[in-house]
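Listing of final-v5.txt; format and content: compact mmCIF, C-alpha atoms.
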```
# COMPACT_ATOMS: atom_id res chain seq x y z
CA MET A 15 0.00 0.00 0.00
CA ARG A 16 2.76 2.35 0.92
CA VAL A 17 4.59 1.44 -2.29
CA GLU A 18 1.53 2.36 -4.33
CA MET A 19 1.25 5.70 -2.58
CA LYS A 20 4.87 6.51 -3.35
CA ARG A 21 4.33 5.73 -7.03
CA VAL A 22 1.30 7.99 -7.14
CA LEU A 23 3.25 10.83 -5.48
CA VAL A 24 6.13 10.41 -7.92
CA VAL A 25 3.71 10.50 -10.90
CA LEU A 26 2.00 13.64 -9.54
CA LEU A 27 5.36 15.30 -8.95
CA CYS A 28 6.44 14.55 -12.51
CA LEU A 29 3.18 15.96 -13.89
CA MET A 30 3.64 19.14 -11.86
CA LEU A 31 7.20 19.53 -13.18
CA VAL A 32 6.02 19.02 -16.76
CA LEU A 33 3.19 21.54 -16.40
CA THR A 34 5.52 24.08 -14.82
CA GLY A 35 7.99 23.74 -17.72
CA CYS A 36 5.31 24.25 -20.37
CA LYS A 37 4.07 27.47 -18.75
CA GLY A 38 7.59 28.84 -18.51
CA GLY A 39 8.27 28.11 -22.19
CA ALA A 40 5.03 29.74 -23.23
CA ALA A 41 5.87 32.84 -21.20
CA ASN A 42 9.30 33.01 -22.70
CA GLU A 43 7.85 32.64 -26.19
CA GLU A 44 5.33 35.42 -25.52
CA LYS A 45 8.05 37.70 -24.19
CA THR A 46 10.31 36.97 -27.14
CA GLY A 47 7.44 37.56 -29.57
CA ALA A 48 6.58 40.87 -27.95
CA GLU A 49 10.18 42.02 -28.11
CA GLY A 50 10.36 41.00 -31.75
CA SER A 51 7.19 42.96 -32.52
CA ALA A 52 8.57 46.00 -30.74
CA SER A 53 11.81 45.67 -32.69
CA GLY A 54 9.83 45.41 -35.91
CA ALA A 55 7.83 48.49 -35.03
CA GLU A 56 11.02 50.41 -34.30
CA GLY A 57 12.40 49.25 -37.63
CA SER A 58 9.24 50.46 -39.32
CA VAL A 59 9.55 53.83 -37.61
CA SER A 60 13.21 53.99 -38.57
CA GLY A 61 12.28 53.18 -42.16
CA THR A 62 9.65 55.91 -42.14
CA GLU A 63 12.19 58.43 -40.81
CA SER A 64 14.68 57.31 -43.46
CA SER A 65 12.01 57.76 -46.12
CA THR A 66 11.29 61.24 -44.77
CA VAL A 67 14.99 62.17 -44.86
CA SER A 68 15.22 60.84 -48.40
CA THR A 69 12.20 62.94 -49.41
CA ASP A 70 13.72 66.04 -47.79
CA SER A 71 16.98 65.36 -49.61
CA SER A 72 15.15 65.05 -52.93
CA ALA A 73 13.37 68.35 -52.28
CA THR A 74 16.70 70.02 -51.47
CA ASN A 75 18.26 68.69 -54.67
CA SER A 76 15.25 69.87 -56.65
CA GLU A 77 15.50 73.37 -55.18
CA SER A 78 19.24 73.44 -55.94
CA SER A 79 18.60 72.43 -59.55
CA ILE A 80 15.99 75.18 -60.03
CA SER A 81 18.35 77.76 -58.53
CA GLU A 82 21.16 76.79 -60.87
CA GLN A 83 18.92 76.89 -63.94
CA SER A 84 17.49 80.30 -63.15
CA SER A 85 20.75 81.97 -62.11
CA GLU A 86 22.37 84.11 -64.84
CA PRO A 87 25.39 86.44 -64.62
CA SER A 88 24.33 90.04 -64.22
CA THR A 89 27.21 91.25 -66.37
CA VAL A 90 29.27 89.79 -69.19
CA GLN A 91 32.69 88.62 -68.07
CA PRO A 92 35.68 90.58 -69.42
CA GLY A 93 36.97 89.23 -72.72
CA THR A 94 33.63 87.69 -73.71
CA TYR A 95 30.68 88.61 -75.89
CA THR A 96 26.99 87.68 -75.97
CA GLN A 97 25.28 85.69 -78.71
CA ILE A 98 21.66 86.68 -79.34
CA SER A 99 18.93 85.67 -81.77
CA GLN A 100 18.08 87.88 -84.70
CA ASP A 101 14.67 88.59 -83.18
CA VAL A 102 16.38 89.97 -80.08
CA ALA A 103 18.75 91.94 -82.33
CA MET A 104 15.76 93.56 -84.06
CA GLU A 105 14.32 94.57 -80.70
CA MET A 106 17.65 96.07 -79.61
CA MET A 107 17.95 98.02 -82.87
CA ALA A 108 14.60 99.65 -82.14
CA ARG A 109 15.91 101.13 -78.90
CA ASP A 110 17.27 104.65 -78.63
CA ASP A 111 20.35 103.71 -76.59
CA GLY A 112 23.19 104.91 -78.80
CA HIS A 113 23.92 101.42 -80.16
CA VAL A 114 25.81 100.77 -83.39
CA VAL A 115 25.29 97.95 -85.88
CA VAL A 116 28.54 96.65 -87.41
CA ASP A 117 28.83 94.68 -90.64
CA VAL A 118 32.17 92.81 -90.70
CA ARG A 119 32.01 91.53 -94.28
CA ARG A 120 33.96 92.83 -97.29
CA GLN A 121 33.15 96.12 -99.03
CA ASP A 122 31.58 94.41 -102.04
CA GLU A 123 29.36 92.25 -99.82
CA TYR A 124 28.28 95.31 -97.85
CA GLU A 125 27.38 97.25 -101.01
CA ALA A 126 25.37 94.28 -102.34
CA GLY A 127 23.07 94.47 -99.32
CA HIS A 128 23.31 95.40 -95.64
CA ILE A 129 21.11 96.18 -92.64
CA PRO A 130 20.00 99.85 -92.65
CA GLY A 131 22.29 102.02 -90.55
CA ALA A 132 25.03 99.41 -90.27
CA ILE A 133 28.62 100.62 -90.58
CA LEU A 134 31.28 98.59 -92.35
CA ILE A 135 34.34 97.37 -90.43
CA PRO A 136 35.70 94.30 -92.27
CA ASN A 137 36.78 91.49 -89.97
CA GLU A 138 40.15 91.40 -91.71
CA SER A 139 40.79 95.03 -90.75
CA ILE A 140 40.24 94.40 -87.02
CA GLY A 141 43.55 93.73 -85.30
CA THR A 142 44.67 94.59 -81.80
CA GLU A 143 44.07 98.34 -81.95
CA GLN A 144 40.72 99.97 -81.22
CA PRO A 145 38.84 100.83 -84.47
CA VAL A 146 38.36 104.58 -84.88
CA GLU A 147 34.72 103.95 -85.74
CA LEU A 148 34.18 102.53 -82.24
CA PRO A 149 35.64 105.04 -79.77
CA ASP A 150 33.42 104.04 -76.81
CA LEU A 151 34.37 100.75 -75.13
CA ASP A 152 30.98 100.62 -73.35
CA GLN A 153 28.78 101.30 -76.39
CA VAL A 154 26.24 98.62 -77.33
CA ILE A 155 27.66 97.00 -80.49
CA LEU A 156 25.59 94.59 -82.61
CA ILE A 157 27.71 92.52 -85.01
CA TYR A 158 26.82 90.40 -88.02
CA CYS A 159 28.41 88.99 -91.19
CA ARG A 160 27.14 86.65 -93.92
CA SER A 161 26.67 83.39 -92.00
CA GLY A 162 27.92 84.00 -88.46
CA ASN A 163 31.56 82.89 -88.70
CA ARG A 164 33.38 86.20 -89.24
CA SER A 165 31.03 87.97 -86.83
CA LYS A 166 32.09 85.62 -84.03
CA GLN A 167 35.76 86.22 -84.84
CA ALA A 168 35.28 89.99 -84.86
CA ALA A 169 33.21 89.91 -81.66
CA GLN A 170 35.94 88.03 -79.82
CA LYS A 171 38.67 90.38 -81.05
CA LEU A 172 36.70 93.42 -79.89
CA ALA A 173 35.95 91.78 -76.55
CA ASP A 174 39.66 91.08 -76.10
CA MET A 175 40.33 94.82 -76.65
CA GLY A 176 38.06 95.68 -73.72
CA TYR A 177 34.69 96.35 -75.35
CA THR A 178 32.02 95.42 -72.81
CA ASN A 179 28.72 95.32 -74.72
CA ILE A 180 29.32 93.14 -77.77
CA TYR A 181 26.29 91.27 -79.16
CA GLU A 182 26.75 88.84 -82.06
CA PHE A 183 23.64 87.78 -83.99
CA GLY A 184 24.79 85.65 -86.91
CA GLY A 185 24.53 86.29 -90.62
CA ILE A 186 22.53 88.40 -93.03
CA ASN A 187 21.69 85.28 -95.02
CA THR A 188 18.98 84.50 -92.44
CA TRP A 189 17.95 88.11 -91.75
CA THR A 190 14.21 88.68 -92.18
CA GLY A 191 14.31 92.45 -91.69
CA GLU A 192 14.98 95.25 -94.16
CA ILE A 193 18.09 95.18 -96.35
CA VAL A 194 19.44 98.14 -98.33
CA THR A 195 22.16 98.42 -100.97
CA GLY A 196 24.90 100.94 -101.56
CA SER A 197 28.16 102.03 -99.94
CA GLU A 198 26.88 104.49 -97.32
CA PRO A 199 24.63 103.60 -94.37
CA ASP A 200 21.53 105.80 -94.62
CA GLY A 201 23.64 108.38 -96.51
CA GLU A 202 25.17 109.57 -93.26
CA GLU A 203 28.85 108.78 -93.81
CA LYS A 204 30.93 111.69 -95.04
CA VAL A 205 33.06 110.95 -98.10
CA MET A 206 35.78 113.56 -98.52
CA LYS A 207 36.75 114.91 -101.93
CA LEU A 208 40.02 116.75 -102.53
CA TYR A 209 40.46 119.48 -105.15
CA ILE A 210 43.87 120.87 -106.03
CA GLY A 211 43.01 124.10 -107.74
CA ASP A 212 39.98 123.15 -109.83
CA VAL A 213 41.05 119.55 -110.32
CA GLU A 214 39.42 116.81 -108.27
CA VAL A 215 42.03 114.18 -107.46
CA PRO A 216 41.45 110.57 -106.34
CA VAL A 217 42.36 110.02 -102.70
CA THR A 218 42.58 106.99 -100.44
CA TRP A 219 41.99 108.34 -96.94
CA GLU A 220 43.38 106.74 -93.81
CA GLU A 221 41.01 105.30 -91.22
CA ASN A 222 42.09 107.10 -88.07
CA ALA A 223 40.90 109.67 -85.54
CA SER A 224 42.60 112.57 -87.32
CA VAL A 225 40.71 111.93 -90.55
CA GLU A 226 37.46 111.69 -88.60
CA ALA A 227 38.24 115.02 -86.93
CA LEU A 228 39.07 116.57 -90.29
CA LYS A 229 35.64 115.53 -91.60
CA GLU A 230 34.02 117.60 -88.88
CA LEU A 231 35.67 120.75 -90.28
CA LEU A 232 34.30 120.36 -93.80
CA PRO A 233 34.12 122.18 -96.09
CA LEU A 234 37.69 123.51 -96.02
CA SER A 235 39.47 125.91 -98.38
CA ILE A 236 43.20 126.08 -97.62
CA GLN A 237 45.81 128.39 -99.07
CA MET A 238 48.89 126.27 -99.63
CA SER A 239 52.53 127.35 -99.94
CA MET A 240 55.42 125.60 -101.67
CA TYR A 241 58.18 124.45 -99.36
CA GLY A 242 61.52 122.69 -99.89
CA GLY A 243 60.89 121.75 -103.49
CA PHE A 244 58.96 118.63 -102.47
CA GLU A 245 55.72 119.70 -100.72
CA GLN A 246 52.98 122.26 -100.27
CA VAL A 247 51.72 123.13 -96.79
CA GLY A 248 48.77 125.14 -95.43
CA PRO A 249 46.83 125.77 -92.17
CA ILE A 250 43.50 124.07 -91.52
CA GLY A 251 42.37 126.79 -89.10
CA GLU A 252 42.46 124.86 -85.82
CA SER A 253 44.24 121.98 -84.10
CA ILE A 254 42.82 118.48 -84.30
CA VAL A 255 43.80 115.19 -82.72
CA ARG A 256 47.07 113.74 -83.99
CA ASP A 257 49.21 110.63 -83.62
CA ASP A 258 52.61 111.68 -84.92
CA SER A 259 55.34 109.20 -85.72
CA GLN A 260 58.59 109.44 -87.66
CA THR A 261 57.52 109.05 -91.28
CA VAL A 262 59.27 108.87 -94.62
CA THR A 263 56.84 110.38 -97.09
CA ASP A 264 56.58 109.92 -100.84
CA PHE A 265 54.82 111.75 -103.66
CA GLY A 266 51.04 111.82 -103.23
CA ASP A 267 51.14 111.48 -99.44
CA ILE A 268 48.83 113.73 -97.40
CA VAL A 269 49.83 114.28 -93.77
CA LEU A 270 48.93 116.35 -90.71
CA TYR A 271 51.80 118.47 -89.37
CA SER A 272 51.80 119.83 -85.79
CA GLY A 273 48.09 119.07 -85.53
CA ASN A 274 47.02 122.19 -87.44
CA GLN A 275 48.60 122.09 -90.90
CA ILE A 276 48.03 119.88 -93.90
CA VAL A 277 50.90 118.87 -96.18
CA ILE A 278 50.72 117.32 -99.66
CA PHE A 279 53.92 115.91 -101.18
CA TYR A 280 55.12 115.77 -104.74
CA GLY A 281 58.56 114.66 -103.52
CA SER A 282 59.84 112.98 -100.35
CA ASN A 283 60.72 114.00 -96.81
CA SER A 284 61.24 112.48 -93.35
CA TRP A 285 59.61 114.01 -90.26
CA ALA A 286 57.11 113.36 -87.47
CA TYR A 287 53.66 113.39 -89.10
CA THR A 288 50.19 111.86 -88.82
CA ARG A 289 49.13 110.19 -92.06
CA LEU A 290 45.82 111.40 -93.54
CA GLY A 291 45.76 109.80 -96.96
CA HIS A 292 47.35 109.42 -100.38
CA VAL A 293 46.60 111.00 -103.76
CA ASP A 294 46.44 108.17 -106.28
CA LEU A 295 48.34 109.88 -109.10
CA SER A 296 51.79 109.41 -110.63
CA GLN A 297 54.82 111.45 -109.55
CA GLU A 298 54.70 113.41 -112.79
CA GLU A 299 51.03 114.26 -112.28
CA MET A 300 51.67 115.36 -108.69
CA ALA A 301 54.57 117.55 -109.77
CA GLU A 302 52.43 119.11 -112.47
CA LEU A 303 49.78 120.05 -109.91
CA LEU A 304 52.04 121.24 -107.07
CA SER A 305 55.46 122.32 -108.32
CA ASN A 306 54.43 125.35 -110.39
CA GLY A 307 53.49 127.78 -107.60
CA ASP A 308 51.24 128.09 -104.58
CA VAL A 309 47.80 126.54 -104.89
CA VAL A 310 44.48 126.51 -103.07
CA ILE A 311 43.06 123.16 -102.10
CA ARG A 312 39.48 122.36 -101.14
CA ILE A 313 38.25 119.43 -99.10
CA GLU A 314 34.52 118.85 -99.37
CA GLU A 315 31.91 116.14 -98.95
```

How does this structure look as structure tokens?
Amino acid sequence: MRVEMKRVLVVLLCLMLVLTGCKGGAANEEKTGAEGSASGAEGSVSGTESSTVSTDSSATNSESSISEQSSEPSTVQPGTYTQISQDVAMEMMARDDGHVVVDVRRQDEYEAGHIPGAILIPNESIGTEQPVELPDLDQVILIYCRSGNRSKQAAQKLADMGYTNIYEFGGINTWTGEIVTGSEPDGEEKVMKLYIGDVEVPVTWEENASVEALKELLPLSIQMSMYGGFEQVGPIGESIVRDDSQTVTDFGDIVLYSGNQIVIFYGSNSWAYTRLGHVDLSQEEMAELLSNGDVVIRIEE
């Protein structure tokens, strides 16, 4: 009987141990599951925050891109020029801002057809010195050629000289505005004619500031005097700008002396002068006009 009781107690004890173990395992599993869920929730929150950061970053990048696209330099950098469309060029030409339109083609191309009011400065004539036709480095200058190649070359050369408002707009071959023919823009350019006595003589005038200043004095009638057996000299009435340099003259040369006298040669001399032009006649023809006594010359438009 006692043996049976012991067996029953042992069985009950074993059952109690088994039941206690199952409850502990279940509790541990529940705790582990809860911690896992919490970890997952934190991961979800972390992912949401990461997504938010990513969105903010995208917005920042977007704003940066817009800023870069809309930002433009307020002024043209030194040594550069601006390319514009021909529509914009037309609008700029309509403004009363003292601009100048420059055709950089050859003389024959210019005479065959050019934009009204444009002045001719061939690209080949533009070097490293400031063109006398463009005395103001800050003037608005609109440049074109036939197709846009020479105009870009000329624009860069002028920009390199220090001109600050150069606008290049391509070639006249795509110009839809008015085109005129002839050698003078709007009939405004002054073409000087030289008369020795009553004879008009052919002259090739220099392109410099002294010649431009001389044009402003027209018409001129100057009493000349023979000097040295090789020239005639006379006063122009006032002093004008000059750029004297040591010069060896030849027959036909026309020079400015001391800023206020004009000299025409039928021989040769060496002195400090400013060149004005050259009479395109032979030495015999020059001697015939100038070596037989004092003459009066006239310079007119």

Which residues are close to A:Gly248, i.e. within 12 Å by only C-alpha atoms, leaving aside same-chain residues fewer than 3 positions away? Reply as a list in words. Leu234, Ser235, Ile236, Gln237, Met238, Ser239, Met240, Tyr241, Glu245, Gly251, Glu252, Ile268, Val269, Leu270, Tyr271, Ser272, Gly273, Asn274, Gln275, Ile276, Val277, Ile278, Asp308, Val309, Val310, Ile311 and Arg312 of chain A

Using all atoms listed in the file, the best pick from A:Gln170, A:Glu221, A:Thr195, A:Glu105 as closest to A:Pro145 would be A:Glu221

Excluding A:Thr218 and residues on its chain fewer than 6 positions from it, collect all residues at most 9 Å away from it, counting all atoms listed in the file, and give them as a PDB file with C-alpha atoms, in the coordinates of the input.
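Final output, selection_19.pdb:
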```
ATOM      1  CA  LEU A 290      45.820 111.400 -93.540  1.00  0.00           C
ATOM      2  CA  GLY A 291      45.760 109.800 -96.960  1.00  0.00           C
ATOM      3  CA  HIS A 292      47.350 109.420-100.380  1.00  0.00           C
ATOM      4  CA  VAL A 293      46.600 111.000-103.760  1.00  0.00           C
ATOM      5  CA  ASP A 294      46.440 108.170-106.280  1.00  0.00           C
TER       6      ASP A 294
END
```

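The gap separating atom CA of A:Cys159 from atom CA of A:Val118 is 5.4 Å, in Å to one decimal.
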
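Counting from atom CA of A:Tyr280, the distance to atom CA of A:Met300 is 5.3 Å.
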
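You can rank A:Arg120, A:Ser165, A:Phe279, A:Thr188 by their closest distance to A:Asp101 using all atoms listed in the file, and at the top of that list sits A:Thr188.
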
For A:Met206, work out the shell of residues within 8 Å, counting only C-alpha atoms and skipping chain neighbours fewer than 2 positions away, then give it as an MDAnalysis selection string. chainID A and resid 204 208 229 313:315

Do you know which residues are at most 8 Å from A:Pro136 counting only C-alpha atoms, after dropping those on the same chain fewer than 3 positions away, and could you put them as a PyMOL selection string? chain A and resi 117-121+139-140

Please write the residues from the selection above to a file, keeping C-alpha atoms, as a tab-separated table (two decimals), in the coordinates of the input.
```tsv
chain	number	residue	atom	x	y	z
A	117	ASP	CA	28.83	94.68	-90.64
A	118	VAL	CA	32.17	92.81	-90.70
A	119	ARG	CA	32.01	91.53	-94.28
A	120	ARG	CA	33.96	92.83	-97.29
A	121	GLN	CA	33.15	96.12	-99.03
A	139	SER	CA	40.79	95.03	-90.75
A	140	ILE	CA	40.24	94.40	-87.02
```

Protein and nucleic acid residues near (38.6, 120.8, -88.9) (cut-off 10 Å, only C-alpha atoms) as JSON, numbers by chain: {"A": [224, 225, 226, 227, 228, 229, 230, 231, 232, 233, 234, 250, 251, 252, 253, 254, 255, 274]}

One-decimal distance in Å that lies between atom CA of A:Pro149 and atom CA of A:Lys166: 20.2 Å

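Each of A:Gly93, A:Pro130, A:Pro216, A:Gly266 was checked against A:Met175 using all atoms listed in the file; the smallest atom-to-atom distance is that of A:Gly93.
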
Enclose the full set of atoms of stretch 206-215 of chain A listed in the file within a box whose edges lie along x, y and z, apply 3 Å of padding to each of the six sides, and report centre and edge lengths in Å to one decimal as JSON.
```
{"center_x": 39.8, "center_y": 118.8, "center_z": -104.4, "size_x": 14.1, "size_y": 16.5, "size_z": 17.8}
```

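Among the candidate residues A:Asn187, A:Ser99, A:Gln144, A:Gln246, the one lying nearest to A:Ala173 is A:Gln144, with distances computed using all atoms listed in the file.
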
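If you count only C-alpha atoms and draw a sphere of 10 Å around (57.9, 108.3, -84.1), the protein and nucleic acid residues inside it come out as A:Asp257, A:Asp258, A:Ser259, A:Gln260, A:Thr261, A:Trp285, A:Ala286, A:Tyr287, A:Thr288.
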
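Counting only C-alpha atoms and comparing A:Asp152, A:Asp264, A:Glu298, A:Glu125, the residue that lies closest to A:Asp111 is A:Asp152.
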
Can you rebuild stretch 285-311 of chain A with N, CA, C and O atoms and give it as a PDB file, in the coordinates of the input?
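Listed below is the output, selection_31.pdb:
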```pdb
ATOM      1  N   TRP A 285      59.925 113.193 -91.424  1.00  0.00           N
ATOM      2  CA  TRP A 285      59.610 114.010 -90.260  1.00  0.00           C
ATOM      3  C   TRP A 285      58.538 113.309 -89.425  1.00  0.00           C
ATOM      4  O   TRP A 285      58.065 112.235 -89.817  1.00  0.00           O
ATOM      5  N   ALA A 286      58.170 113.911 -88.320  1.00  0.00           N
ATOM      6  CA  ALA A 286      57.110 113.360 -87.470  1.00  0.00           C
ATOM      7  C   ALA A 286      55.763 113.884 -87.961  1.00  0.00           C
ATOM      8  O   ALA A 286      55.468 115.079 -87.824  1.00  0.00           O
ATOM      9  N   TYR A 287      54.960 113.012 -88.549  1.00  0.00           N
ATOM     10  CA  TYR A 287      53.660 113.390 -89.100  1.00  0.00           C
ATOM     11  C   TYR A 287      52.593 112.399 -88.640  1.00  0.00           C
ATOM     12  O   TYR A 287      52.882 111.323 -88.123  1.00  0.00           O
ATOM     13  N   THR A 288      51.329 112.780 -88.912  1.00  0.00           N
ATOM     14  CA  THR A 288      50.190 111.860 -88.820  1.00  0.00           C
ATOM     15  C   THR A 288      49.644 111.670 -90.220  1.00  0.00           C
ATOM     16  O   THR A 288      49.282 112.649 -90.884  1.00  0.00           O
ATOM     17  N   ARG A 289      49.603 110.446 -90.690  1.00  0.00           N
ATOM     18  CA  ARG A 289      49.130 110.190 -92.060  1.00  0.00           C
ATOM     19  C   ARG A 289      47.627 110.451 -92.167  1.00  0.00           C
ATOM     20  O   ARG A 289      46.847 110.037 -91.310  1.00  0.00           O
ATOM     21  N   LEU A 290      47.232 111.135 -93.256  1.00  0.00           N
ATOM     22  CA  LEU A 290      45.820 111.400 -93.540  1.00  0.00           C
ATOM     23  C   LEU A 290      45.323 110.645 -94.763  1.00  0.00           C
ATOM     24  O   LEU A 290      44.144 110.273 -94.825  1.00  0.00           O
ATOM     25  N   GLY A 291      46.194 110.472 -95.746  1.00  0.00           N
ATOM     26  CA  GLY A 291      45.760 109.800 -96.960  1.00  0.00           C
ATOM     27  C   GLY A 291      46.827 109.831 -98.037  1.00  0.00           C
ATOM     28  O   GLY A 291      47.983 110.214 -97.792  1.00  0.00           O
ATOM     29  N   HIS A 292      46.419 109.458 -99.250  1.00  0.00           N
ATOM     30  CA  HIS A 292      47.350 109.420-100.380  1.00  0.00           C
ATOM     31  C   HIS A 292      46.600 109.738-101.660  1.00  0.00           C
ATOM     32  O   HIS A 292      45.530 109.170-101.929  1.00  0.00           O
ATOM     33  N   VAL A 293      47.160 110.676-102.447  1.00  0.00           N
ATOM     34  CA  VAL A 293      46.600 111.000-103.760  1.00  0.00           C
ATOM     35  C   VAL A 293      47.060 109.941-104.741  1.00  0.00           C
ATOM     36  O   VAL A 293      48.266 109.710-104.903  1.00  0.00           O
ATOM     37  N   ASP A 294      46.116 109.300-105.401  1.00  0.00           N
ATOM     38  CA  ASP A 294      46.440 108.170-106.280  1.00  0.00           C
ATOM     39  C   ASP A 294      46.762 108.636-107.697  1.00  0.00           C
ATOM     40  O   ASP A 294      46.052 108.327-108.667  1.00  0.00           O
ATOM     41  N   LEU A 295      47.849 109.407-107.811  1.00  0.00           N
ATOM     42  CA  LEU A 295      48.340 109.880-109.100  1.00  0.00           C
ATOM     43  C   LEU A 295      49.833 109.573-109.214  1.00  0.00           C
ATOM     44  O   LEU A 295      50.495 109.295-108.200  1.00  0.00           O
ATOM     45  N   SER A 296      50.364 109.667-110.421  1.00  0.00           N
ATOM     46  CA  SER A 296      51.790 109.410-110.630  1.00  0.00           C
ATOM     47  C   SER A 296      52.622 110.590-110.123  1.00  0.00           C
ATOM     48  O   SER A 296      52.090 111.680-109.858  1.00  0.00           O
ATOM     49  N   GLN A 297      53.930 110.383-110.015  1.00  0.00           N
ATOM     50  CA  GLN A 297      54.820 111.450-109.550  1.00  0.00           C
ATOM     51  C   GLN A 297      54.798 112.632-110.520  1.00  0.00           C
ATOM     52  O   GLN A 297      54.811 113.794-110.091  1.00  0.00           O
ATOM     53  N   GLU A 298      54.748 112.343-111.795  1.00  0.00           N
ATOM     54  CA  GLU A 298      54.700 113.410-112.790  1.00  0.00           C
ATOM     55  C   GLU A 298      53.413 114.224-112.652  1.00  0.00           C
ATOM     56  O   GLU A 298      53.429 115.468-112.748  1.00  0.00           O
ATOM     57  N   GLU A 299      52.306 113.559-112.428  1.00  0.00           N
ATOM     58  CA  GLU A 299      51.030 114.260-112.280  1.00  0.00           C
ATOM     59  C   GLU A 299      51.013 115.105-111.005  1.00  0.00           C
ATOM     60  O   GLU A 299      50.509 116.243-111.013  1.00  0.00           O
ATOM     61  N   MET A 300      51.618 114.591-109.931  1.00  0.00           N
ATOM     62  CA  MET A 300      51.670 115.360-108.690  1.00  0.00           C
ATOM     63  C   MET A 300      52.560 116.595-108.860  1.00  0.00           C
ATOM     64  O   MET A 300      52.228 117.687-108.367  1.00  0.00           O
ATOM     65  N   ALA A 301      53.674 116.416-109.537  1.00  0.00           N
ATOM     66  CA  ALA A 301      54.570 117.550-109.770  1.00  0.00           C
ATOM     67  C   ALA A 301      53.897 118.608-110.629  1.00  0.00           C
ATOM     68  O   ALA A 301      54.047 119.820-110.395  1.00  0.00           O
ATOM     69  N   GLU A 302      53.135 118.179-111.598  1.00  0.00           N
ATOM     70  CA  GLU A 302      52.430 119.110-112.470  1.00  0.00           C
ATOM     71  C   GLU A 302      51.429 119.954-111.671  1.00  0.00           C
ATOM     72  O   GLU A 302      51.256 121.151-111.929  1.00  0.00           O
ATOM     73  N   LEU A 303      50.791 119.355-110.694  1.00  0.00           N
ATOM     74  CA  LEU A 303      49.780 120.050-109.910  1.00  0.00           C
ATOM     75  C   LEU A 303      50.375 120.959-108.818  1.00  0.00           C
ATOM     76  O   LEU A 303      49.785 121.991-108.482  1.00  0.00           O
ATOM     77  N   LEU A 304      51.547 120.567-108.275  1.00  0.00           N
ATOM     78  CA  LEU A 304      52.040 121.240-107.070  1.00  0.00           C
ATOM     79  C   LEU A 304      53.369 121.975-107.206  1.00  0.00           C
ATOM     80  O   LEU A 304      53.694 122.790-106.323  1.00  0.00           O
ATOM     81  N   SER A 305      54.111 121.741-108.259  1.00  0.00           N
ATOM     82  CA  SER A 305      55.460 122.320-108.320  1.00  0.00           C
ATOM     83  C   SER A 305      55.545 123.625-109.114  1.00  0.00           C
ATOM     84  O   SER A 305      56.636 124.164-109.316  1.00  0.00           O
ATOM     85  N   ASN A 306      54.409 124.146-109.539  1.00  0.00           N
ATOM     86  CA  ASN A 306      54.430 125.350-110.390  1.00  0.00           C
ATOM     87  C   ASN A 306      53.871 126.582-109.675  1.00  0.00           C
ATOM     88  O   ASN A 306      53.379 127.505-110.323  1.00  0.00           O
ATOM     89  N   GLY A 307      53.965 126.619-108.352  1.00  0.00           N
ATOM     90  CA  GLY A 307      53.490 127.780-107.600  1.00  0.00           C
ATOM     91  C   GLY A 307      52.461 127.397-106.551  1.00  0.00           C
ATOM     92  O   GLY A 307      51.942 126.275-106.523  1.00  0.00           O
ATOM     93  N   ASP A 308      52.196 128.349-105.658  1.00  0.00           N
ATOM     94  CA  ASP A 308      51.240 128.090-104.580  1.00  0.00           C
ATOM     95  C   ASP A 308      49.843 127.794-105.142  1.00  0.00           C
ATOM     96  O   ASP A 308      49.429 128.382-106.165  1.00  0.00           O
ATOM     97  N   VAL A 309      49.138 126.909-104.442  1.00  0.00           N
ATOM     98  CA  VAL A 309      47.800 126.540-104.890  1.00  0.00           C
ATOM     99  C   VAL A 309      46.812 126.657-103.727  1.00  0.00           C
ATOM    100  O   VAL A 309      47.202 126.782-102.564  1.00  0.00           O
ATOM    101  N   VAL A 310      45.542 126.627-104.076  1.00  0.00           N
ATOM    102  CA  VAL A 310      44.480 126.510-103.070  1.00  0.00           C
ATOM    103  C   VAL A 310      43.860 125.132-103.207  1.00  0.00           C
ATOM    104  O   VAL A 310      43.522 124.690-104.308  1.00  0.00           O
ATOM    105  N   ILE A 311      43.726 124.455-102.068  1.00  0.00           N
ATOM    106  CA  ILE A 311      43.060 123.160-102.100  1.00  0.00           C
ATOM    107  C   ILE A 311      41.720 123.275-101.384  1.00  0.00           C
ATOM    108  O   ILE A 311      41.539 124.117-100.501  1.00  0.00           O
TER     109      ILE A 311
END
```
